[in-house]
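Everything below concerns the one structure shown next.
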Amino acid sequence: MRNLLGYRVESIDEDEMSGSGGGGARAPYDVFINHRGVDTKHNVARLLYDRLEHLSGGRVRSFLDNKSMRPGDRLEESISKGIEQCRVGVAIFSKRYFDSDFCLHELASLVEARKIIIPIFYGIKPSELLLPEAVVESNAHAPRDIERFRLALREVKYTVGLTYDPATGDLAELVNKAADVVMERIHETEMRAPRRQMMIASRL
């Protein structure tokens with residue numbers, strides 16, 4: 001079978017993924033932070049993770065690879081689970097974002113799962129969201145994946161997001177604004193869920 005990222009994996013028991021075999025099930029993720037670690041792991045990505053935890057009093061659970069995975073976790077399966085569970089995806093685009101296969105696969109999976117995506121353009125403009133020719137011409141990706149990446153980038157390119165210039169911008173302001181937007185979107189999904197349940201019940 002293949003997971004959301006398109007990688008072939010063995011079937012995994014749900015209890016194993018939830019962590020129940022290691023001392024209790026873990027709550028589902030609300031937010032998935034898609035980012036290029038070498039550019040943003042120690043600044044905007046980590047600060048946003050901490051800010052969301054603080055704003056929600058720990059109620060909102062975010063997936064950030066170096067914070068959410070434990071020794072022994074399977075990389076592709078953990079990421080796929082985080083994407084599947086999340087209600088909001090935050091895609092942090094930076095100069096070296098396109099060098100990462102994982103970044104591109106994660107973004108394509110978020111778009112294909114029709115998740116709410118909040119783009120953050122960190123030192124990069126929306127017009128620069130183009131798949132580099134080096135990626136297209138390499139033999140590392142199947143033609144199907146190249147098309148997935150292009151479609152995902154095109155989708156996010158025309159999604160309203162937040163822009164930030166590392167040379168002149170206020171990082172605290174960016175993180176606070178991004179966290180507020182994420183919390184608003186999560187609240188909207190929570191408000192829609194009861195209405196949807198009422199509509200379904202009325203049809204029965």
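Ordering of the structure tokens sets the chain letters (A, B, ...), residue numbers begin anew at 1 in every chain, and ligands are numbered from 1 in the order given.
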
Go through region 28-120 of chain A and flag each residue having an atom no more than 10 Å from region 185-189 of chain A; for those, report the closest pair of atoms plus their distance in Å to one decimal, using only C-alpha atoms, ordered by chain and rising number, as JSON lines.
{"residue": "A:Asp30", "atom": "CA", "partner": "A:Ile186", "partner_atom": "CA", "distance": 7.6}
{"residue": "A:Val31", "atom": "CA", "partner": "A:Ile186", "partner_atom": "CA", "distance": 8.6}
{"residue": "A:Val60", "atom": "CA", "partner": "A:Ile186", "partner_atom": "CA", "distance": 8.8}
{"residue": "A:Cys86", "atom": "CA", "partner": "A:Ile186", "partner_atom": "CA", "distance": 9.8}
{"residue": "A:Arg87", "atom": "CA", "partner": "A:Ile186", "partner_atom": "CA", "distance": 6.8}
{"residue": "A:Val88", "atom": "CA", "partner": "A:Ile186", "partner_atom": "CA", "distance": 6.9}
{"residue": "A:Ile116", "atom": "CA", "partner": "A:Arg185", "partner_atom": "CA", "distance": 7.9}
{"residue": "A:Ile117", "atom": "CA", "partner": "A:Arg185", "partner_atom": "CA", "distance": 9.7}
{"residue": "A:Ile118", "atom": "CA", "partner": "A:Arg185", "partner_atom": "CA", "distance": 9.4}

**Prompt:** Which is closer to Gly82 (chain A) than all the others in A:Leu47, A:Val182, A:Val175, A:Leu110, using only C-alpha atoms?
**Reply:** A:Leu110

**Message:** Residues of region 48-165 of chain A classed as strand (DSSP E or B) by DSSP on the backbone are to be reported as a list in words.
**Reply:** Ser62, Phe63, Val88, Gly89, Val90, Ala91, Ile92, Phe93, Ile116, Ile117, Ile118, Pro119, Ile120, Phe121, Tyr122, Leu162, Thr163 and Tyr164 of chain A

Using N, CA, C and O atoms, can you write the selected residues to a file as a short mmCIF file (atom, residue, chain, number, x, y, z; two decimals), in the first residue's frame?
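Dumped to selection-v4.cif:
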data_model
loop_
_atom_site.label_atom_id
_atom_site.label_comp_id
_atom_site.auth_asym_id
_atom_site.auth_seq_id
_atom_site.Cartn_x
_atom_site.Cartn_y
_atom_site.Cartn_z
N SER A 62 0.30 20.47 17.25
CA SER A 62 0.93 20.72 15.95
C SER A 62 1.96 19.65 15.65
O SER A 62 2.67 19.19 16.54
N PHE A 63 2.05 19.31 14.36
CA PHE A 63 3.09 18.38 13.91
C PHE A 63 4.25 19.18 13.37
O PHE A 63 4.14 19.90 12.38
N VAL A 88 -5.49 22.05 9.60
CA VAL A 88 -4.84 23.20 8.96
C VAL A 88 -3.39 22.86 8.67
O VAL A 88 -2.70 22.30 9.52
N GLY A 89 -2.95 23.18 7.48
CA GLY A 89 -1.54 23.03 7.13
C GLY A 89 -0.89 24.40 6.99
O GLY A 89 -1.50 25.32 6.43
N VAL A 90 0.30 24.55 7.52
CA VAL A 90 1.07 25.78 7.35
C VAL A 90 2.28 25.42 6.49
O VAL A 90 3.10 24.59 6.87
N ALA A 91 2.36 26.03 5.30
CA ALA A 91 3.47 25.77 4.39
C ALA A 91 4.40 26.96 4.41
O ALA A 91 4.03 28.06 3.99
N ILE A 92 5.61 26.76 4.94
CA ILE A 92 6.59 27.84 5.05
C ILE A 92 7.58 27.70 3.89
O ILE A 92 8.44 26.82 3.88
N PHE A 93 7.45 28.57 2.91
CA PHE A 93 8.30 28.53 1.72
C PHE A 93 9.55 29.37 1.95
O PHE A 93 9.47 30.51 2.40
N ILE A 116 -7.02 23.00 4.64
CA ILE A 116 -6.81 24.45 4.64
C ILE A 116 -5.30 24.69 4.73
O ILE A 116 -4.64 24.16 5.62
N ILE A 117 -4.75 25.46 3.80
CA ILE A 117 -3.31 25.71 3.79
C ILE A 117 -3.05 27.21 3.94
O ILE A 117 -3.61 28.02 3.20
N ILE A 118 -2.21 27.55 4.90
CA ILE A 118 -1.80 28.94 5.12
C ILE A 118 -0.35 29.06 4.68
O ILE A 118 0.55 28.53 5.35
N PRO A 119 -0.09 29.73 3.56
CA PRO A 119 1.30 29.87 3.11
C PRO A 119 2.03 31.00 3.85
O PRO A 119 1.45 32.05 4.13
N ILE A 120 3.27 30.75 4.18
CA ILE A 120 4.15 31.80 4.69
C ILE A 120 5.33 31.88 3.72
O ILE A 120 6.04 30.90 3.50
N PHE A 121 5.51 33.05 3.12
CA PHE A 121 6.57 33.25 2.14
C PHE A 121 7.75 33.90 2.87
O PHE A 121 7.78 35.12 3.06
N TYR A 122 8.69 33.07 3.28
CA TYR A 122 9.81 33.48 4.12
C TYR A 122 11.03 33.77 3.25
O TYR A 122 11.77 32.87 2.86
N LEU A 162 1.07 34.93 4.12
CA LEU A 162 1.83 35.94 4.83
C LEU A 162 3.23 36.03 4.23
O LEU A 162 3.84 35.00 3.94
N THR A 163 3.72 37.24 4.01
CA THR A 163 5.05 37.43 3.44
C THR A 163 5.98 38.01 4.49
O THR A 163 5.57 38.80 5.35
N TYR A 164 7.25 37.62 4.38
CA TYR A 164 8.23 38.08 5.38
C TYR A 164 9.60 38.19 4.73
O TYR A 164 10.05 37.27 4.04
#

**Request:** For region 130-140 of chain A, please output as a PyMOL selection string all residues within 8 Å (counting only C-alpha atoms; exclusion window: fewer than 6 positions along the same chain).
**Result:** chain A and resi 98+146+149-150+153-154

Could you please take those selected residues and save all heavy atoms as a short mmCIF file (atom, residue, chain, number, x, y, z; two decimals), in the first residue's frame?
data_model
loop_
_atom_site.label_atom_id
_atom_site.label_comp_id
_atom_site.auth_asym_id
_atom_site.auth_seq_id
_atom_site.Cartn_x
_atom_site.Cartn_y
_atom_site.Cartn_z
N PHE A 98 12.67 23.94 -2.14
CA PHE A 98 12.52 23.05 -3.30
C PHE A 98 13.62 21.99 -3.38
O PHE A 98 13.53 21.08 -4.21
CB PHE A 98 12.51 23.88 -4.58
CG PHE A 98 11.46 24.96 -4.58
CD1 PHE A 98 11.82 26.28 -4.31
CD2 PHE A 98 10.14 24.67 -4.81
CE1 PHE A 98 10.86 27.27 -4.28
CE2 PHE A 98 9.16 25.66 -4.78
CZ PHE A 98 9.53 26.97 -4.51
N ILE A 146 6.04 14.67 -10.44
CA ILE A 146 6.37 16.00 -10.96
C ILE A 146 5.09 16.80 -11.19
O ILE A 146 5.00 17.98 -10.84
CB ILE A 146 7.18 15.91 -12.26
CG1 ILE A 146 8.57 15.28 -12.00
CG2 ILE A 146 7.33 17.28 -12.91
CD1 ILE A 146 9.45 16.09 -11.08
N PHE A 149 3.59 17.87 -7.83
CA PHE A 149 4.31 19.01 -7.25
C PHE A 149 3.90 20.31 -7.94
O PHE A 149 3.67 21.34 -7.29
CB PHE A 149 5.83 18.83 -7.39
CG PHE A 149 6.38 17.59 -6.72
CD1 PHE A 149 7.60 17.06 -7.11
CD2 PHE A 149 5.67 16.94 -5.71
CE1 PHE A 149 8.13 15.93 -6.49
CE2 PHE A 149 6.18 15.80 -5.09
CZ PHE A 149 7.41 15.30 -5.49
N ARG A 150 3.81 20.28 -9.27
CA ARG A 150 3.46 21.48 -10.02
C ARG A 150 2.05 21.96 -9.66
O ARG A 150 1.81 23.16 -9.47
CB ARG A 150 3.56 21.20 -11.52
CG ARG A 150 4.99 21.24 -12.06
CD ARG A 150 5.02 20.86 -13.52
NE ARG A 150 6.30 21.21 -14.14
CZ ARG A 150 6.75 20.64 -15.24
NH1 ARG A 150 6.05 19.70 -15.86
NH2 ARG A 150 7.92 21.00 -15.73
N LEU A 153 2.04 23.49 -6.11
CA LEU A 153 2.65 24.81 -6.08
C LEU A 153 1.75 25.85 -6.74
O LEU A 153 1.64 26.99 -6.26
CB LEU A 153 4.02 24.78 -6.77
CG LEU A 153 5.12 24.03 -6.01
CD1 LEU A 153 6.34 23.84 -6.90
CD2 LEU A 153 5.50 24.79 -4.74
N ARG A 154 1.09 25.46 -7.80
CA ARG A 154 0.18 26.38 -8.49
C ARG A 154 -1.00 26.74 -7.58
O ARG A 154 -1.43 27.89 -7.52
CB ARG A 154 -0.32 25.74 -9.78
CG ARG A 154 -1.08 26.71 -10.71
CD ARG A 154 -1.48 25.99 -11.98
NE ARG A 154 -0.33 25.33 -12.60
CZ ARG A 154 -0.37 24.14 -13.18
NH1 ARG A 154 -1.50 23.44 -13.21
NH2 ARG A 154 0.71 23.63 -13.72
#

**Item:** Which of chain A fall in helix (DSSP H, G or I), as a count of residues only
**Value:** 111

**Atom pair CA of Leu52 (chain A) / CA of Glu128 (chain A): separation (Å)** =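 So the answer is 28.0 Å.
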
**Request:** May I ask which of the residues A:Arg74, A:Lys157, A:Lys95, A:Lys67 is the closest one to Val38 (chain A), counting only C-alpha atoms?
**Result:**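 Using only C-alpha atoms, the shortest distance to Val38 (chain A) belongs to A:Lys95.
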